[in-house]
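What follows is the content of target36.csv, which has CSV, C-alpha atoms:
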```csv
chain,number,residue,atom,x,y,z
P,1,MET,CA,-87.7,-114.6,-215.5
P,2,ASN,CA,-88.5,-116.4,-218.7
P,3,VAL,CA,-87.1,-119.9,-219.2
P,4,LEU,CA,-87.2,-122.0,-222.4
P,5,ILE,CA,-86.6,-125.7,-222.2
P,6,VAL,CA,-85.8,-127.4,-225.5
P,7,TYR,CA,-86.5,-131.0,-224.8
P,8,ALA,CA,-85.5,-134.0,-226.9
P,9,HIS,CA,-86.6,-137.4,-225.7
P,10,PRO,CA,-89.2,-139.6,-227.5
P,11,GLU,CA,-90.7,-141.1,-224.4
P,12,PRO,CA,-92.9,-138.9,-222.1
P,13,CYS,CA,-92.7,-141.5,-219.3
P,14,SER,CA,-88.9,-141.7,-219.4
P,15,LEU,CA,-86.5,-140.5,-216.7
P,16,ASN,CA,-85.8,-137.5,-218.9
P,17,GLY,CA,-89.6,-136.8,-219.1
P,18,ALA,CA,-89.9,-136.9,-215.3
P,19,LEU,CA,-86.9,-134.6,-214.8
P,20,LYS,CA,-88.4,-132.2,-217.4
P,21,ASP,CA,-91.7,-132.1,-215.6
P,22,HIS,CA,-90.0,-131.6,-212.3
P,23,ALA,CA,-87.9,-128.7,-213.7
P,24,VAL,CA,-91.0,-127.0,-215.1
P,25,ALA,CA,-92.9,-127.3,-211.8
P,26,HIS,CA,-90.0,-126.1,-209.7
P,27,LEU,CA,-89.3,-123.1,-211.9
P,28,GLN,CA,-93.0,-122.1,-211.9
P,29,ARG,CA,-93.1,-122.4,-208.1
P,30,GLN,CA,-90.3,-119.9,-208.0
P,31,GLY,CA,-92.3,-117.5,-210.0
P,32,HIS,CA,-90.7,-118.0,-213.4
P,33,SER,CA,-92.5,-118.3,-216.7
P,34,VAL,CA,-91.6,-121.5,-218.6
P,35,GLN,CA,-92.1,-122.6,-222.2
P,36,VAL,CA,-91.2,-126.1,-223.4
P,37,SER,CA,-90.4,-127.0,-226.9
P,38,ASP,CA,-91.0,-130.8,-226.8
P,39,LEU,CA,-89.4,-131.6,-230.1
P,40,TYR,CA,-90.7,-135.2,-230.5
P,41,ALA,CA,-94.2,-134.3,-229.4
P,42,MET,CA,-94.1,-131.4,-231.9
P,43,ASN,CA,-92.9,-133.7,-234.6
P,44,PHE,CA,-90.3,-131.1,-235.3
P,45,LYS,CA,-88.7,-131.4,-238.8
P,46,ALA,CA,-85.0,-132.1,-238.3
P,47,GLN,CA,-83.7,-131.8,-241.8
P,48,ILE,CA,-82.7,-128.4,-243.2
P,49,ASP,CA,-83.8,-128.1,-246.8
P,50,ALA,CA,-85.3,-125.8,-249.4
P,51,ASP,CA,-88.8,-126.0,-247.9
P,52,ASP,CA,-87.5,-123.9,-245.0
P,53,ASN,CA,-87.9,-120.9,-247.3
P,54,THR,CA,-91.6,-120.5,-248.2
P,55,GLU,CA,-90.7,-118.3,-251.2
P,56,GLY,CA,-88.0,-120.6,-252.5
P,57,GLN,CA,-87.7,-121.0,-256.3
P,58,PRO,CA,-88.3,-124.5,-257.7
P,59,GLY,CA,-85.3,-125.9,-259.6
P,60,VAL,CA,-82.8,-123.5,-258.0
P,61,ARG,CA,-79.8,-125.2,-256.3
P,62,PHE,CA,-80.3,-125.3,-252.5
P,63,ARG,CA,-77.6,-123.5,-250.5
P,64,ALA,CA,-78.2,-123.9,-246.8
P,65,SER,CA,-76.6,-120.6,-245.6
P,66,GLU,CA,-77.7,-118.4,-248.4
P,67,ASP,CA,-81.3,-119.8,-248.4
P,68,SER,CA,-81.4,-119.2,-244.6
P,69,ARG,CA,-80.1,-115.7,-245.0
P,70,GLN,CA,-82.6,-114.8,-247.7
P,71,ALA,CA,-85.6,-116.3,-245.8
P,72,TYR,CA,-84.7,-114.7,-242.5
P,73,ALA,CA,-84.2,-111.3,-244.1
P,74,ALA,CA,-87.4,-111.5,-246.2
P,75,GLY,CA,-89.5,-112.9,-243.4
P,76,THR,CA,-90.2,-116.0,-245.5
P,77,GLN,CA,-89.0,-118.7,-243.1
P,78,SER,CA,-91.3,-121.6,-242.4
P,79,ALA,CA,-93.6,-121.0,-239.5
P,80,ASP,CA,-92.0,-123.6,-237.2
P,81,ILE,CA,-88.6,-121.9,-237.5
P,82,ALA,CA,-90.0,-118.4,-236.8
P,83,LEU,CA,-91.9,-119.6,-233.7
P,84,GLU,CA,-88.8,-121.1,-232.2
P,85,GLN,CA,-86.8,-117.9,-232.8
P,86,ASP,CA,-89.6,-116.0,-231.1
P,87,LYS,CA,-89.2,-118.3,-228.1
P,88,LEU,CA,-85.5,-117.6,-228.0
P,89,ARG,CA,-86.1,-113.9,-228.1
P,90,TRP,CA,-88.6,-114.2,-225.2
P,91,ALA,CA,-86.3,-116.3,-223.0
P,92,ASP,CA,-83.9,-115.0,-220.4
P,93,ALA,CA,-82.5,-118.5,-220.0
P,94,VAL,CA,-82.5,-121.6,-222.2
P,95,ILE,CA,-82.1,-125.2,-221.2
P,96,LEU,CA,-81.3,-127.9,-223.7
P,97,GLN,CA,-82.3,-131.2,-222.3
P,98,PHE,CA,-81.3,-134.5,-223.9
P,99,PRO,CA,-79.9,-137.9,-223.5
P,100,LEU,CA,-76.3,-138.2,-224.7
P,101,TRP,CA,-76.6,-140.4,-227.8
P,102,TRP,CA,-73.4,-141.5,-229.5
P,103,PHE,CA,-71.5,-138.7,-227.8
P,104,GLY,CA,-73.8,-135.9,-229.1
P,105,LEU,CA,-77.2,-134.4,-229.5
P,106,PRO,CA,-80.2,-136.5,-230.6
P,107,ALA,CA,-80.7,-135.9,-234.3
P,108,ILE,CA,-84.0,-134.0,-233.8
P,109,LEU,CA,-82.2,-131.5,-231.5
P,110,LYS,CA,-79.3,-131.0,-233.9
P,111,GLY,CA,-81.9,-130.4,-236.5
P,112,TRP,CA,-83.5,-127.7,-234.3
P,113,VAL,CA,-80.2,-126.0,-234.1
P,114,ASP,CA,-79.5,-126.3,-237.9
P,115,ARG,CA,-82.9,-124.8,-238.8
P,116,VAL,CA,-83.6,-122.3,-236.0
P,117,TYR,CA,-80.1,-120.8,-235.8
P,118,ALA,CA,-80.7,-119.0,-239.1
P,119,TYR,CA,-78.1,-116.8,-240.9
P,120,GLY,CA,-78.7,-113.3,-239.7
P,121,PHE,CA,-80.3,-114.6,-236.5
P,122,ALA,CA,-77.7,-116.7,-234.7
P,123,TYR,CA,-74.8,-116.3,-237.0
P,124,GLY,CA,-73.6,-114.1,-239.8
P,125,VAL,CA,-74.1,-111.0,-237.7
P,126,GLY,CA,-71.9,-108.1,-236.8
P,127,GLU,CA,-69.0,-106.3,-238.6
P,128,HIS,CA,-65.9,-108.0,-239.9
P,129,SER,CA,-62.8,-105.8,-239.7
P,130,ASP,CA,-59.2,-106.0,-238.7
P,131,THR,CA,-60.2,-105.9,-235.0
P,132,HIS,CA,-63.7,-107.4,-234.9
P,133,TRP,CA,-64.6,-110.7,-236.6
P,134,GLY,CA,-68.4,-110.8,-236.4
P,135,ASP,CA,-70.6,-110.8,-233.3
P,136,ARG,CA,-69.9,-114.3,-232.0
P,137,TYR,CA,-68.2,-116.3,-229.2
P,138,GLY,CA,-69.4,-114.1,-226.4
P,139,GLU,CA,-71.3,-111.6,-228.5
P,140,GLY,CA,-74.4,-111.9,-230.8
P,141,SER,CA,-78.1,-112.1,-230.7
P,142,MET,CA,-78.2,-114.2,-227.5
P,143,SER,CA,-76.0,-111.8,-225.5
P,144,GLY,CA,-77.5,-111.2,-222.0
P,145,LYS,CA,-79.1,-114.6,-221.9
P,146,ARG,CA,-78.0,-117.7,-220.0
P,147,ALA,CA,-78.0,-121.3,-221.1
P,148,MET,CA,-77.4,-124.7,-219.5
P,149,LEU,CA,-77.4,-128.3,-220.6
P,150,MET,CA,-79.4,-131.0,-218.9
P,151,VAL,CA,-77.8,-134.2,-220.0
P,152,SER,CA,-78.4,-137.9,-219.1
P,153,THR,CA,-76.0,-140.8,-219.9
P,154,GLY,CA,-76.2,-144.5,-219.6
P,155,GLY,CA,-72.5,-144.7,-218.6
P,156,TRP,CA,-71.0,-144.4,-215.2
P,157,GLU,CA,-69.6,-141.0,-214.1
P,158,SER,CA,-66.1,-142.5,-214.1
P,159,HIS,CA,-66.4,-143.4,-217.8
P,160,TYR,CA,-66.5,-139.6,-218.4
P,161,ALA,CA,-63.8,-138.6,-215.9
P,162,PRO,CA,-60.5,-137.0,-217.1
P,163,ARG,CA,-59.0,-140.5,-217.5
P,164,GLY,CA,-62.2,-142.3,-218.4
P,165,ILE,CA,-62.6,-144.4,-221.6
P,166,ASN,CA,-65.2,-142.1,-223.1
P,167,GLY,CA,-63.2,-138.9,-222.6
P,168,PRO,CA,-63.9,-136.1,-220.2
P,169,MET,CA,-67.5,-134.8,-220.2
P,170,GLU,CA,-66.3,-131.2,-220.7
P,171,ALA,CA,-64.5,-132.2,-223.9
P,172,ILE,CA,-67.5,-134.2,-225.2
P,173,LEU,CA,-69.8,-131.2,-224.5
P,174,PHE,CA,-67.4,-128.6,-225.8
P,175,PRO,CA,-68.9,-128.4,-229.3
P,176,ILE,CA,-72.3,-127.8,-227.8
P,177,GLN,CA,-71.4,-125.5,-225.0
P,178,HIS,CA,-68.8,-123.5,-226.8
P,179,GLY,CA,-70.0,-123.9,-230.4
P,180,ILE,CA,-73.8,-123.9,-230.2
P,181,LEU,CA,-74.4,-121.8,-227.0
P,182,PHE,CA,-71.4,-119.5,-226.5
P,183,TYR,CA,-71.1,-118.8,-230.2
P,184,PRO,CA,-74.3,-116.7,-230.5
P,185,GLY,CA,-73.6,-115.0,-227.2
P,186,PHE,CA,-75.1,-117.1,-224.3
P,187,GLU,CA,-73.4,-117.1,-221.0
P,188,VAL,CA,-73.0,-120.9,-220.5
P,189,LEU,CA,-73.4,-122.5,-217.1
P,190,PRO,CA,-71.8,-125.8,-216.2
P,191,PRO,CA,-74.0,-128.6,-217.3
P,192,TYR,CA,-76.3,-130.7,-215.1
P,193,VAL,CA,-75.4,-134.3,-215.9
P,194,LEU,CA,-77.1,-137.5,-214.6
P,195,HIS,CA,-75.2,-140.7,-215.1
P,196,ARG,CA,-76.1,-144.4,-215.2
P,197,THR,CA,-79.7,-143.6,-215.8
P,198,SER,CA,-80.9,-147.2,-216.0
P,199,ARG,CA,-79.9,-147.7,-212.3
P,200,VAL,CA,-81.7,-144.6,-210.9
P,201,ASP,CA,-84.2,-145.8,-208.3
P,202,GLU,CA,-86.7,-143.8,-206.3
P,203,ALA,CA,-84.1,-142.6,-203.9
P,204,GLY,CA,-81.7,-141.7,-206.7
P,205,PHE,CA,-84.5,-139.8,-208.5
P,206,ALA,CA,-85.2,-137.8,-205.4
P,207,ALA,CA,-81.5,-137.0,-205.0
P,208,ALA,CA,-81.3,-136.0,-208.7
P,209,CYS,CA,-84.3,-133.7,-208.4
P,210,GLY,CA,-82.7,-132.0,-205.4
P,211,GLU,CA,-79.5,-131.4,-207.3
P,212,LEU,CA,-81.5,-130.2,-210.3
P,213,GLU,CA,-83.4,-127.7,-208.1
P,214,GLN,CA,-80.1,-126.2,-206.9
P,215,ARG,CA,-78.9,-125.8,-210.4
P,216,LEU,CA,-82.2,-124.2,-211.5
P,217,ASP,CA,-82.1,-121.8,-208.6
P,218,GLY,CA,-78.6,-120.8,-209.7
P,219,LEU,CA,-79.5,-120.0,-213.3
P,220,TRP,CA,-79.0,-116.3,-212.7
P,221,SER,CA,-76.4,-116.3,-210.0
P,222,ASP,CA,-74.0,-119.2,-210.7
P,223,ALA,CA,-70.7,-118.4,-212.4
P,224,PRO,CA,-70.7,-119.3,-216.2
P,225,ILE,CA,-68.0,-121.2,-217.8
P,226,ALA,CA,-65.1,-118.8,-218.4
P,227,PHE,CA,-64.8,-119.1,-222.2
P,228,ARG,CA,-62.6,-116.5,-223.8
P,229,ARG,CA,-64.4,-113.9,-225.9
P,230,GLN,CA,-63.4,-113.9,-229.5
P,231,ASN,CA,-63.2,-110.1,-229.8
P,232,GLY,CA,-61.9,-109.5,-226.2
P,233,GLY,CA,-58.3,-109.3,-227.2
P,234,ASP,CA,-57.2,-112.9,-226.6
P,235,TYR,CA,-57.3,-113.9,-230.2
P,236,LEU,CA,-55.4,-112.7,-233.2
P,237,ILE,CA,-57.7,-111.4,-235.9
P,238,PRO,CA,-58.4,-112.5,-238.6
P,239,GLU,CA,-56.4,-115.7,-237.8
P,240,LEU,CA,-58.6,-116.4,-234.8
P,241,THR,CA,-55.8,-118.2,-233.0
P,242,LEU,CA,-55.0,-117.6,-229.3
P,243,ARG,CA,-52.2,-115.1,-228.8
P,244,PRO,CA,-48.9,-116.9,-228.3
P,245,GLU,CA,-48.3,-115.2,-224.9
P,246,LEU,CA,-51.5,-116.8,-223.5
P,247,ALA,CA,-51.2,-120.4,-222.3
P,248,PRO,CA,-47.8,-120.6,-224.0
P,249,GLY,CA,-46.9,-124.1,-225.3
P,250,GLU,CA,-50.4,-125.4,-224.5
P,251,GLU,CA,-52.9,-126.8,-227.0
P,252,GLY,CA,-56.3,-128.4,-226.9
P,253,LEU,CA,-59.8,-127.2,-225.8
P,254,GLY,CA,-58.7,-126.0,-222.4
P,255,ILE,CA,-56.8,-123.0,-223.8
P,256,HIS,CA,-60.1,-121.4,-224.6
P,257,LEU,CA,-60.9,-121.0,-221.0
P,258,GLN,CA,-59.7,-117.8,-219.3
P,259,SER,CA,-58.3,-119.8,-216.3
P,260,GLN,CA,-55.6,-121.2,-218.7
P,261,GLY,CA,-53.7,-117.9,-218.7
```

Written as structure tokens, how would this file's structure read?
Amino acid sequence: MNVLIVYAHPEPCSLNGALKDHAVAHLQRQGHSVQVSDLYAMNFKAQIDADDNTEGQPGVRFRASEDSRQAYAAGTQSADIALEQDKLRWADAVILQFPLWWFGLPAILKGWVDRVYAYGFAYGVGEHSDTHWGDRYGEGSMSGKRAMLMVSTGGWESHYAPRGINGPMEAILFPIQHGILFYPGFEVLPPYVLHRTSRVDEAGFAAACGELEQRLDGLWSDAPIAFRRQNGGDYLIPELTLRPELAPGEEGLGIHLQSQG
């Protein structure tokens, strides 16, 4: 299988760097092909702007979605965007690896999403009708592929527990797992999360690597998060609200999981 790791940490000698290297070596030992987009090493441009369309017109007002649509359709995207899209097409599984900074993605990784997820490539695809509202949330260009997050935090695991001060990890990661990965069609596996990274000693690192290997070995067999598919009948269209008979009286992020009714 082909695995793409999109890696966002500025220090090669960091714990994240060591975990990334271990993941690559383990996957290759299992016979998989691996590519790594090391965004800091690549000096990947984070900001989306008019320069992303090589045939953009000077003096014309920049419109992010429209410029993205035109550049993708015309084949005039900047080379770094097109290269990352080719990697996504090649991959059977994608891993986004990053430290959780201020409850979200590092800016360079968010910029990778902003620029690489072009209109017509990752969004703005499929028909819009009374029964089908675009190919997204379970459908789309990434259908048939799997994705997983590799996340590190400085906080304790209890800080991210259901009653923890930071909020539950599944809620913090919902915009990434549901919005960035499930939206264009990935089957999203539960995340691999390593907490309290400043306290990881040699034994802790060995244990973390063992857990990571198990997760990597399950990339194609572990059950994905059971997000509801947008066009699978659970949502009213075009309102895109959950049908009232499903999880009645409930609100919040959990209602978008099939296990909620």

**OP:** Just the residues within 7 Å of segment 69-78 of chain P, please, counting only C-alpha atoms, with nothing from its chain fewer than 2 positions along; format it as a ChimeraX atom specification.
**Re:** /P:52-55,65-67,80-82,118-120

Original post:
If you count all atoms listed in the file, which residues fall within 12 Å of Phe227 of chain P, apart from same-chain ones fewer than 2 positions away, as a ChimeraX atom specification?
Top reply: /P:137-139,174,177-179,181-183,185-190,223-225,229-232,234,253-261

Subject >> Using only C-alpha atoms: which of P:Gly233, P:Ala171, P:Ile48, P:Val193 has the shortest distance to Gly252 of chain P >> reply: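 Smallest separation from Gly252 of chain P among the options: P:Ala171.
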
Subject >> Residues within 12 Å of His32 of chain P, only C-alpha atoms, excluding chain neighbours under 3 positions, as a list in words >> reply: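 Surrounding residues, per the criterion: Met1, Asn2, Val3, Leu4, Ala23, Val24, Ala25, His26, Leu27, Gln28, Arg29, Gln35, Ala91, Asp92, Ala93, Leu216, Asp217, Leu219 and Trp220 of chain P.
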
Subject >> Distance query segment 97-113 of chain P at most 9 Å, all atoms listed in the file, self and fewer than 6 positions along chain excluded, as an MDAnalysis selection string >> reply: chainID P and resid 5:9 16 20 39:40 43:48 81 84 148:154 166 172:173 175:176 180

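The shortest atom-to-atom distance to Asp49 of chain P, with all atoms listed in the file taken into account, belongs to P:Ser68 out of P:Ser68, P:Gln214, P:Ser143, P:Thr241.
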
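Compared by their closest atoms to Gly126 of chain P, and using only C-alpha atoms, the residues P:Pro244, P:Ser198, P:Pro238, P:Pro184 rank with P:Pro184 nearest.
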
Subject >> Point-to-point distance from atom CA of Gly164 of chain P to atom CA of Ser14 of chain P, Å rounded to tenths >> reply: 26.7 Å

**OP:** Between atom CA of Asp201 of chain P and atom CA of Asp38 of chain P, measure the distance and give it in Å to one decimal.
**Re:** 24.8 Å

**OP:** Can you pull out every residue within 9 Å of Glu157 of chain P, counting only C-alpha atoms, but drop anything in the same chain fewer than 5 positions away, and send it as a PyMOL selection string?
**Re:** chain P and resi 164+169+194-196

Restrict the selected residues to C-alpha atoms and save them as a JSON list (two decimals), in the coordinates of the input.
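Output below, filename result-v7.json:
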```json
[["chain", "number", "residue", "atom", "x", "y", "z"],
["P", 164, "GLY", "CA", -62.20, -142.30, -218.40],
["P", 169, "MET", "CA", -67.50, -134.80, -220.20],
["P", 194, "LEU", "CA", -77.10, -137.50, -214.60],
["P", 195, "HIS", "CA", -75.20, -140.70, -215.10],
["P", 196, "ARG", "CA", -76.10, -144.40, -215.20]]
```

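Note that the spacing between atom CA of Gly124 of chain P and atom CA of Ser141 of chain P amounts to 10.3 Å.
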